[in-house]
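Asker: Dropping the structure in here first, questions after.
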Amino acid sequence: MMGTDVSLKIKRALLPLILFTSLCECKPSSDVRSLAGVAREISGYRDVAQKIIDLAVNGKAQNRSYDRLSAFTDTVGNRISGSHNLELAIKYMYNALIQDGLENVHLEQVKIPHWVRGKESAVMVLPRNHTMAIMGLGSSVGTSSQGIEAEVLVVESFEELRRRAGNAKGKIVVYNQPFVSYGETVAYRANGASEAAKVGAVASLIRSITPFSINSPHTGWQWYQPGVVQIPTACITIEDAEMMARMARRGQKVVVRLHMDAQTLPDADSFNTVAELVGSEHPEQVVLLSGHLDSWDVGQGVMDDGGGVAISWEALSLLRDLGLRPKRTIRMVLWNAEEPGGVGASQYFERHKGNISNFDLVMESDLGTFAPLGLQFTGSKQAKAIMQEVVGLLAAINTTALEEHGEGTDINMWMQAGVPGASLHTADSKYFWFHHTEADTMTVQSPVEMNLCSALWAVVTYVVADLDEMLPR
């Protein structure tokens with residue numbers, strides 16, 4: 001094991017050289033010299049990077065992002081798209097950013113979905129009486145006031161559902177799909193209702209999209225397919241999904257009574273929240289950093305995505321405190337209605353895409369603010385080589401990893417249009433334990449880890465915004 005660890009450390013240490021060498025093989029010598037020059041330029045930021053790290057981790061700003069996050073989420077609570085709580089959150093953040101002395105604090109209007117959960121319950125009435133923990137899924141229709149009582153058909157995949165389609169009519173389909181990864185397994189939450197409706201089911205109950213459970217259901221958004229009957233749908237716990245699967249395998253008849261008051265109201269007027277540190281030489285050019293302000297209507301919305309909001313705000317505060325003003329503008333956007341599918345971000349993109357050539361880098365933190373490892377990045381080979389040098393400035397806090405594929409619902413459209421994009425990469429193995437549950441509270445956060453995330457976010461943002469040239473595309 002030790003030999004393997006040493007080998008990995010050597011490979012990581014050589015990665016910038018490998019990247020630059022590979023570029024030498026495919027680019028003219030003038031381009032290579034330019035990239036080497038950028039590497040020398042970035043090395044000149046080591047002292048500045050250390051000042052940012054010291055302030056965030058050990059200085060007067062220590063624990064500030066954690067304290068801000070706890071004050072915000074303890075005061076406002078969860079804030080689902082279209083809700084009164086979300087409007088309170090926007091007002092809270094707008095006032096806090098102004099009080100913090102940030103620049104160009106303003107709101108940009110958007111239209112957002114407004115789905116209301118209402119009261120909901122599920123009770124297994126055969127082969128015994130058992131009350132289940134459930135969470136209706138965003139955009140789901142409700143049941144009638146009498147609810148639905150029907151026999152259950154348990155399946156483990158869409159393929160099994162299609163094979164047993166003849167047995168599904170008039171039943172509640174229960175999906176007991178195994179968790180493979182969030183990206184793969186979430187298809188059951190997103191599409192499970194419509195697939196069940198196609199074979200005549202009257203409702204669907206979906207095993208929560210998580211690898212771990214303490215009888216905790218997870219909510220999330222789902223999408224009805226056009227032209228398919230809309231049926232009520234909710235997530236249930238791993239424990240209840242597995243229990244009903246065992247009963248079905250034993251040949252027992254399972255009957256569930258489901259009641260949901262869910263409804264979709266007209267779209268609501270709301271806002272994306274914006275603040276800036278205006279560039280000294282190229283104020284029209286932008287490095288964008290972000291998190292999303294909305295959450296689900298359970299827990300406190302701390303991990304998803306209060307933490308991303310807090311470290312993005314903190315990055316601007318750290319630079320302001322140190323008197324650092326980069327050549328380009330650093331713009332923070334706190335997105336609205338990410339959970340229903342990046343609604344606020346899509347409208348922002350449509351409003352600003354005419355200026356896309358001036359967007360240098362787009363960044364989003366939306367996978368937790370746990371112990372940071374580095375960044376995930378999408379961009380050209382040349383841009384990746386430059387970003388590897390930038391994260392190298394964070395060796396003091398051991399957050400120098402640069403992985404493939406920047407992630408973020410709110411920045412995907414920019415990356416697809418060719419703008420380099422980055423997301424925070426953390427030790428997030430437990431993220432989906434708490435994701436979209438009542439357990440998404442301040443208890444999952446660590447002030448020490450948030451200090452490190454803030455330092456990484458601020459260093460990367462400042463250095464990229466201050467380089468002589470924008471990142472190559």
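Ordering of the structure tokens sets the chain letters (A, B, ...), residue numbers begin anew at 1 in every chain, and ligands are numbered from 1 in the order given.
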Can you list, as a ChimeraX atom specification, every protein, DNA or RNA residue that comes within 6 Å of segment 281-296 of chain A when you count only C-alpha atoms, leaving out same-chain residues fewer than 3 positions away?
Answerer: /A:79-80,278,301,305,308-309,312,327-337,358-365,465
Asker: Restricted to N, CA and C atoms, what would the selected residues look like written as a CSV table (one decimal), in the first residue's frame?
Answerer:
```csv
chain,number,residue,atom,x,y,z
A,79,ARG,N,-36.4,26.5,2.0
A,79,ARG,CA,-36.9,27.5,1.1
A,79,ARG,C,-37.1,27.0,-0.3
A,80,ILE,N,-38.2,26.3,-0.5
A,80,ILE,CA,-38.6,25.6,-1.7
A,80,ILE,C,-39.0,26.7,-2.7
A,278,VAL,N,-15.8,44.5,-8.5
A,278,VAL,CA,-15.6,45.0,-9.9
A,278,VAL,C,-14.1,45.0,-10.2
A,301,GLY,N,-31.9,23.0,4.3
A,301,GLY,CA,-31.2,23.4,3.1
A,301,GLY,C,-29.8,23.9,3.3
A,305,ASP,N,-28.4,24.0,-0.8
A,305,ASP,CA,-27.0,24.4,-1.1
A,305,ASP,C,-26.5,25.6,-0.3
A,308,GLY,N,-22.8,26.2,-0.4
A,308,GLY,CA,-22.3,26.8,-1.7
A,308,GLY,C,-22.5,28.3,-1.7
A,309,VAL,N,-23.7,28.7,-1.2
A,309,VAL,CA,-24.0,30.1,-1.0
A,309,VAL,C,-23.0,30.8,-0.1
A,312,SER,N,-19.3,31.1,-1.4
A,312,SER,CA,-19.2,32.1,-2.5
A,312,SER,C,-19.2,33.5,-2.0
A,327,LYS,N,-8.1,42.1,-11.9
A,327,LYS,CA,-8.3,42.9,-13.2
A,327,LYS,C,-9.7,42.7,-13.7
A,328,ARG,N,-10.3,41.5,-13.6
A,328,ARG,CA,-11.6,41.3,-14.1
A,328,ARG,C,-12.6,41.3,-12.9
A,329,THR,N,-13.9,41.4,-13.2
A,329,THR,CA,-14.9,41.4,-12.2
A,329,THR,C,-15.2,40.0,-11.7
A,330,ILE,N,-15.3,39.9,-10.4
A,330,ILE,CA,-15.8,38.6,-9.8
A,330,ILE,C,-17.2,38.8,-9.5
A,331,ARG,N,-18.1,38.0,-10.1
A,331,ARG,CA,-19.5,38.2,-9.9
A,331,ARG,C,-20.1,36.9,-9.2
A,332,MET,N,-20.7,37.1,-8.1
A,332,MET,CA,-21.4,36.0,-7.4
A,332,MET,C,-22.9,36.1,-7.8
A,333,VAL,N,-23.4,34.9,-8.2
A,333,VAL,CA,-24.8,34.8,-8.4
A,333,VAL,C,-25.4,33.7,-7.5
A,334,LEU,N,-26.4,34.0,-6.7
A,334,LEU,CA,-27.1,33.0,-5.9
A,334,LEU,C,-28.4,32.6,-6.7
A,335,TRP,N,-28.3,31.5,-7.3
A,335,TRP,CA,-29.4,31.1,-8.2
A,335,TRP,C,-30.7,30.8,-7.5
A,336,ASN,N,-31.7,31.0,-8.3
A,336,ASN,CA,-33.1,30.6,-7.8
A,336,ASN,C,-33.6,29.4,-8.6
A,337,ALA,N,-34.4,28.6,-7.9
A,337,ALA,CA,-35.1,27.5,-8.5
A,337,ALA,C,-34.1,26.5,-9.2
A,358,ASN,N,-17.2,37.4,-22.9
A,358,ASN,CA,-16.6,38.1,-21.7
A,358,ASN,C,-16.6,37.2,-20.4
A,359,PHE,N,-17.2,36.1,-20.5
A,359,PHE,CA,-17.3,35.2,-19.3
A,359,PHE,C,-16.0,34.3,-19.4
A,360,ASP,N,-15.2,34.5,-18.4
A,360,ASP,CA,-13.8,33.9,-18.4
A,360,ASP,C,-13.9,32.4,-17.8
A,361,LEU,N,-14.7,32.3,-16.7
A,361,LEU,CA,-14.8,31.0,-15.9
A,361,LEU,C,-16.1,31.1,-15.2
A,362,VAL,N,-16.9,30.0,-15.2
A,362,VAL,CA,-18.1,29.9,-14.4
A,362,VAL,C,-17.8,28.8,-13.3
A,363,MET,N,-18.2,29.0,-12.1
A,363,MET,CA,-18.0,28.1,-11.0
A,363,MET,C,-19.3,27.9,-10.2
A,364,GLU,N,-19.5,26.7,-9.7
A,364,GLU,CA,-20.6,26.4,-8.8
A,364,GLU,C,-20.2,25.4,-7.8
A,365,SER,N,-20.6,25.6,-6.5
A,365,SER,CA,-20.5,24.7,-5.5
A,365,SER,C,-21.9,24.2,-5.1
A,465,ALA,N,-9.2,35.6,-12.1
A,465,ALA,CA,-9.7,36.9,-12.5
A,465,ALA,C,-8.6,37.9,-12.7
```
Asker: Please report, as CSV, each residue of segment 66-132 of chain A lying at most 9 Å from segment 428-449 of chain A, together with the nearest pair of atoms and the separation in Å rounded to one decimal; use only C-alpha atoms, and order rows by chain and ascending residue number.
Answerer:
```
residue,atom,partner,partner_atom,distance
A:Tyr66,CA,A:Pro447,CA,5.2
A:Asp67,CA,A:Pro447,CA,8.0
A:Leu69,CA,A:Met442,CA,8.2
A:Ser70,CA,A:Met442,CA,6.4
A:Thr73,CA,A:Met442,CA,8.0
A:Asp74,CA,A:Met442,CA,8.4
```
Asker: Just write the chosen residues, all heavy atoms, as an mmCIF file, in the first residue's frame.
Answerer:
```cif
data_model
loop_
_atom_site.group_PDB
_atom_site.id
_atom_site.type_symbol
_atom_site.label_atom_id
_atom_site.label_comp_id
_atom_site.auth_asym_id
_atom_site.auth_seq_id
_atom_site.Cartn_x
_atom_site.Cartn_y
_atom_site.Cartn_z
ATOM 1 N N TYR A 66 -19.140 29.530 8.234
ATOM 2 C CA TYR A 66 -19.992 28.638 9.031
ATOM 3 C C TYR A 66 -20.996 29.443 9.857
ATOM 4 O O TYR A 66 -22.186 29.114 9.914
ATOM 5 C CB TYR A 66 -19.119 27.778 9.938
ATOM 6 C CG TYR A 66 -19.887 26.847 10.853
ATOM 7 C CD1 TYR A 66 -20.191 25.543 10.457
ATOM 8 C CD2 TYR A 66 -20.284 27.263 12.124
ATOM 9 C CE1 TYR A 66 -20.892 24.684 11.296
ATOM 10 C CE2 TYR A 66 -20.978 26.415 12.969
ATOM 11 C CZ TYR A 66 -21.279 25.126 12.554
ATOM 12 O OH TYR A 66 -21.975 24.286 13.394
ATOM 13 N N ASP A 67 -20.503 30.507 10.483
ATOM 14 C CA ASP A 67 -21.387 31.328 11.318
ATOM 15 C C ASP A 67 -22.466 32.005 10.475
ATOM 16 O O ASP A 67 -23.631 32.094 10.892
ATOM 17 C CB ASP A 67 -20.574 32.377 12.074
ATOM 18 C CG ASP A 67 -19.675 31.769 13.145
ATOM 19 O OD1 ASP A 67 -19.949 30.622 13.567
ATOM 20 O OD2 ASP A 67 -18.703 32.428 13.553
ATOM 21 N N LEU A 69 -23.659 30.894 7.639
ATOM 22 C CA LEU A 69 -24.579 29.852 7.178
ATOM 23 C C LEU A 69 -25.549 29.458 8.278
ATOM 24 O O LEU A 69 -26.758 29.306 8.034
ATOM 25 C CB LEU A 69 -23.786 28.639 6.695
ATOM 26 C CG LEU A 69 -24.608 27.429 6.243
ATOM 27 C CD1 LEU A 69 -25.523 27.787 5.075
ATOM 28 C CD2 LEU A 69 -23.675 26.273 5.854
ATOM 29 N N SER A 70 -25.040 29.297 9.482
ATOM 30 C CA SER A 70 -25.926 28.888 10.582
ATOM 31 C C SER A 70 -26.932 29.983 10.903
ATOM 32 O O SER A 70 -28.118 29.696 11.143
ATOM 33 C CB SER A 70 -25.104 28.520 11.826
ATOM 34 O OG SER A 70 -24.364 29.629 12.300
ATOM 35 N N THR A 73 -29.598 29.906 7.914
ATOM 36 C CA THR A 73 -30.503 28.753 7.850
ATOM 37 C C THR A 73 -31.303 28.574 9.136
ATOM 38 O O THR A 73 -32.439 28.092 9.095
ATOM 39 C CB THR A 73 -29.742 27.465 7.521
ATOM 40 O OG1 THR A 73 -28.695 27.264 8.486
ATOM 41 C CG2 THR A 73 -29.125 27.549 6.134
ATOM 42 N N ASP A 74 -30.741 28.953 10.287
ATOM 43 C CA ASP A 74 -31.516 28.901 11.524
ATOM 44 C C ASP A 74 -32.641 29.931 11.508
ATOM 45 O O ASP A 74 -33.717 29.706 12.069
ATOM 46 C CB ASP A 74 -30.619 29.157 12.733
ATOM 47 C CG ASP A 74 -29.683 28.004 13.038
ATOM 48 O OD1 ASP A 74 -29.895 26.899 12.502
ATOM 49 O OD2 ASP A 74 -28.728 28.207 13.818
#
```
Asker: Within 8 Å of Gly77 of chain A, counting only C-alpha atoms, which residues show up once you throw out same-chain ones fewer than 5 positions away? Write them as a ChimeraX atom specification, please.
Answerer: /A:72,85,299-301
Asker: Between A:Thr237, A:Lys198, A:Asn58, A:Leu277, which residue has the minimum interatomic distance to Pro326 of chain A, considering only C-alpha atoms?
Answerer: A:Leu277
Asker: Identify all residues of segment 253-369 of chain A in strand (DSSP E) (DSSP on the backbone) and supply them as a ChimeraX atom specification.
Answerer: /A:255-260,263-277,282-292,328-335,359-364
Asker: Set the distance at 12 Å and use only C-alpha atoms: which residues neighbour Gln222 of chain A once local chain neighbours fewer than 5 positions away are removed? I'd like the list as a ChimeraX atom specification.
Answerer: /A:115,136-141,186-195,204,206,230-235,339-341
Asker: Report, in Å with one decimal, the straight-line distance from atom CA of Gly379 of chain A to atom CA of Asn272 of chain A.
Answerer: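 About the pair atom CA of Gly379 of chain A and atom CA of Asn272 of chain A: they are 25.7 Å apart.
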Asker: Mind checking which residues fall within 10 Å of Ile386 of chain A, counting only C-alpha atoms, ignoring those fewer than 3 positions away in the same chain, and posting them as a list in words?
Answerer: Pro16, Leu19, Phe20, Leu35, Ala36, Val38, Ala39, Ile42, Ser380, Lys381, Gln382, Ala383, Glu389, Val390, Val391, Gly392, Val464, Leu471 and Pro472 of chain A
Asker: Could you save the residues just selected, with N, CA, C and O atoms, as a PDB file, in the first residue's frame?
Answerer:
```pdb
ATOM      1  N   PRO A  16       1.318  18.558 -13.735  1.00  0.00           N
ATOM      2  CA  PRO A  16       1.448  19.790 -14.523  1.00  0.00           C
ATOM      3  C   PRO A  16       2.480  19.664 -15.631  1.00  0.00           C
ATOM      4  O   PRO A  16       2.263  20.139 -16.741  1.00  0.00           O
ATOM      5  N   LEU A  19       1.024  17.621 -18.458  1.00  0.00           N
ATOM      6  CA  LEU A  19       0.077  18.403 -19.237  1.00  0.00           C
ATOM      7  C   LEU A  19       0.784  19.358 -20.173  1.00  0.00           C
ATOM      8  O   LEU A  19       0.455  19.471 -21.353  1.00  0.00           O
ATOM      9  N   PHE A  20       1.804  20.061 -19.663  1.00  0.00           N
ATOM     10  CA  PHE A  20       2.518  21.008 -20.510  1.00  0.00           C
ATOM     11  C   PHE A  20       3.318  20.291 -21.588  1.00  0.00           C
ATOM     12  O   PHE A  20       3.418  20.751 -22.718  1.00  0.00           O
ATOM     13  N   LEU A  35       2.192  29.337 -22.618  1.00  0.00           N
ATOM     14  CA  LEU A  35       1.703  28.562 -21.492  1.00  0.00           C
ATOM     15  C   LEU A  35       2.732  28.497 -20.368  1.00  0.00           C
ATOM     16  O   LEU A  35       2.393  28.587 -19.188  1.00  0.00           O
ATOM     17  N   ALA A  36       3.984  28.348 -20.744  1.00  0.00           N
ATOM     18  CA  ALA A  36       5.041  28.351 -19.730  1.00  0.00           C
ATOM     19  C   ALA A  36       5.093  29.700 -19.033  1.00  0.00           C
ATOM     20  O   ALA A  36       5.323  29.792 -17.823  1.00  0.00           O
ATOM     21  N   VAL A  38       2.523  31.686 -18.567  1.00  0.00           N
ATOM     22  CA  VAL A  38       1.389  31.732 -17.642  1.00  0.00           C
ATOM     23  C   VAL A  38       1.724  30.988 -16.359  1.00  0.00           C
ATOM     24  O   VAL A  38       1.379  31.446 -15.255  1.00  0.00           O
ATOM     25  N   ALA A  39       2.403  29.861 -16.476  1.00  0.00           N
ATOM     26  CA  ALA A  39       2.803  29.108 -15.287  1.00  0.00           C
ATOM     27  C   ALA A  39       3.705  29.957 -14.397  1.00  0.00           C
ATOM     28  O   ALA A  39       3.575  29.958 -13.162  1.00  0.00           O
ATOM     29  N   ILE A  42       1.541  32.589 -12.699  1.00  0.00           N
ATOM     30  CA  ILE A  42       0.750  32.034 -11.593  1.00  0.00           C
ATOM     31  C   ILE A  42       1.611  31.805 -10.361  1.00  0.00           C
ATOM     32  O   ILE A  42       1.179  32.044  -9.226  1.00  0.00           O
ATOM     33  N   SER A 380     -10.742  23.501 -22.226  1.00  0.00           N
ATOM     34  CA  SER A 380      -9.749  23.046 -23.203  1.00  0.00           C
ATOM     35  C   SER A 380      -8.522  22.469 -22.506  1.00  0.00           C
ATOM     36  O   SER A 380      -8.319  22.662 -21.297  1.00  0.00           O
ATOM     37  N   LYS A 381      -7.705  21.797 -23.284  1.00  0.00           N
ATOM     38  CA  LYS A 381      -6.476  21.211 -22.741  1.00  0.00           C
ATOM     39  C   LYS A 381      -5.568  22.294 -22.177  1.00  0.00           C
ATOM     40  O   LYS A 381      -4.950  22.139 -21.120  1.00  0.00           O
ATOM     41  N   GLN A 382      -5.487  23.409 -22.908  1.00  0.00           N
ATOM     42  CA  GLN A 382      -4.652  24.515 -22.441  1.00  0.00           C
ATOM     43  C   GLN A 382      -5.199  25.099 -21.148  1.00  0.00           C
ATOM     44  O   GLN A 382      -4.441  25.399 -20.215  1.00  0.00           O
ATOM     45  N   ALA A 383      -6.530  25.274 -21.081  1.00  0.00           N
ATOM     46  CA  ALA A 383      -7.139  25.821 -19.871  1.00  0.00           C
ATOM     47  C   ALA A 383      -6.925  24.888 -18.690  1.00  0.00           C
ATOM     48  O   ALA A 383      -6.673  25.343 -17.558  1.00  0.00           O
ATOM     49  N   GLU A 389      -2.033  24.613 -12.581  1.00  0.00           N
ATOM     50  CA  GLU A 389      -1.080  25.507 -11.918  1.00  0.00           C
ATOM     51  C   GLU A 389      -1.771  26.327 -10.825  1.00  0.00           C
ATOM     52  O   GLU A 389      -1.210  26.555  -9.756  1.00  0.00           O
ATOM     53  N   VAL A 390      -3.001  26.759 -11.098  1.00  0.00           N
ATOM     54  CA  VAL A 390      -3.721  27.577 -10.119  1.00  0.00           C
ATOM     55  C   VAL A 390      -3.995  26.786  -8.849  1.00  0.00           C
ATOM     56  O   VAL A 390      -3.734  27.267  -7.735  1.00  0.00           O
ATOM     57  N   VAL A 391      -4.517  25.574  -8.969  1.00  0.00           N
ATOM     58  CA  VAL A 391      -4.800  24.792  -7.754  1.00  0.00           C
ATOM     59  C   VAL A 391      -3.518  24.387  -7.049  1.00  0.00           C
ATOM     60  O   VAL A 391      -3.528  24.098  -5.850  1.00  0.00           O
ATOM     61  N   GLY A 392      -2.401  24.394  -7.782  1.00  0.00           N
ATOM     62  CA  GLY A 392      -1.114  24.124  -7.143  1.00  0.00           C
ATOM     63  C   GLY A 392      -0.769  25.143  -6.075  1.00  0.00           C
ATOM     64  O   GLY A 392       0.027  24.858  -5.164  1.00  0.00           O
ATOM     65  N   VAL A 464      -7.566  33.523 -11.178  1.00  0.00           N
ATOM     66  CA  VAL A 464      -8.065  33.462 -12.550  1.00  0.00           C
ATOM     67  C   VAL A 464      -8.546  34.840 -13.006  1.00  0.00           C
ATOM     68  O   VAL A 464      -8.305  35.256 -14.146  1.00  0.00           O
ATOM     69  N   LEU A 471      -8.848  32.605 -19.718  1.00  0.00           N
ATOM     70  CA  LEU A 471      -8.568  31.192 -19.989  1.00  0.00           C
ATOM     71  C   LEU A 471      -8.833  30.884 -21.458  1.00  0.00           C
ATOM     72  O   LEU A 471      -9.853  31.318 -22.009  1.00  0.00           O
ATOM     73  N   PRO A 472      -7.953  30.136 -22.109  1.00  0.00           N
ATOM     74  CA  PRO A 472      -8.197  29.767 -23.523  1.00  0.00           C
ATOM     75  C   PRO A 472      -9.343  28.787 -23.656  1.00  0.00           C
ATOM     76  O   PRO A 472      -9.562  27.935 -22.791  1.00  0.00           O
TER      77      PRO A 472
END
```
Asker: Go through A:Ile148, A:Met93, A:Ala61, A:Leu102 one by one, measure the shortest atom-to-atom distance of each to Val76 of chain A using only C-alpha atoms, and give the residue with the smallest value.
Answerer: A:Met93
Asker: List the neighbours of Leu319 of chain A out to 8 Å using only C-alpha atoms; skip same-chain residues closer than 4 positions along the sequence, and give me the result as JSON, numbers by chain.
Answerer: {"A": [52, 315, 323, 324, 325, 458, 462]}
Asker: Check segment 173-258 of chain A with DSSP on the backbone and list each residue it calls alpha helix (DSSP H), as a PyMOL selection string.
Answerer: chain A and resi 182-198+238-249
Asker: How far is it from atom CA of Asn398 of chain A to atom CA of Ser43 of chain A, in Å with one decimal?
Answerer: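 Atom-to-atom, atom CA of Asn398 of chain A and atom CA of Ser43 of chain A are spaced 16.6 Å apart.
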Asker: Could you work out how far atom CA of Val302 of chain A lies from atom CA of Thr75 of chain A, giving the answer in Å with one decimal?
Answerer: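 If I compute the distance from atom CA of Thr75 of chain A to atom CA of Val302 of chain A, I get 11.9 Å.
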Asker: Neighbours of Glu108 of chain A within 8 Å (only C-alpha atoms; same-chain residues fewer than 3 positions away dropped), as a PDB file with N, CA, C and O atoms, in the first residue's frame?
Answerer:
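Output saved as around.pdb:
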```pdb
ATOM      1  N   PHE A 271     -36.363  36.167  -7.819  1.00  0.00           N
ATOM      2  CA  PHE A 271     -35.118  36.826  -8.220  1.00  0.00           C
ATOM      3  C   PHE A 271     -33.906  35.913  -8.061  1.00  0.00           C
ATOM      4  O   PHE A 271     -33.844  35.099  -7.134  1.00  0.00           O
ATOM      5  N   ASN A 272     -32.930  36.061  -8.960  1.00  0.00           N
ATOM      6  CA  ASN A 272     -31.551  35.683  -8.688  1.00  0.00           C
ATOM      7  C   ASN A 272     -30.906  36.841  -7.934  1.00  0.00           C
ATOM      8  O   ASN A 272     -31.228  38.007  -8.173  1.00  0.00           O
ATOM      9  N   THR A 273     -29.976  36.517  -7.030  1.00  0.00           N
ATOM     10  CA  THR A 273     -29.318  37.536  -6.203  1.00  0.00           C
ATOM     11  C   THR A 273     -27.864  37.661  -6.639  1.00  0.00           C
ATOM     12  O   THR A 273     -27.163  36.649  -6.757  1.00  0.00           O
ATOM     13  N   VAL A 274     -27.400  38.900  -6.868  1.00  0.00           N
ATOM     14  CA  VAL A 274     -26.091  39.132  -7.473  1.00  0.00           C
ATOM     15  C   VAL A 274     -25.288  40.127  -6.641  1.00  0.00           C
ATOM     16  O   VAL A 274     -25.845  41.102  -6.119  1.00  0.00           O
TER      17      VAL A 274
END
```
Asker: From the list A:Asp47, A:Glu469, A:Asp366, A:Asp304, which residue is nearest Ser423 of chain A when using only C-alpha atoms?
Answerer: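 Among the listed residues, the smallest separation from Ser423 of chain A belongs to A:Asp366.
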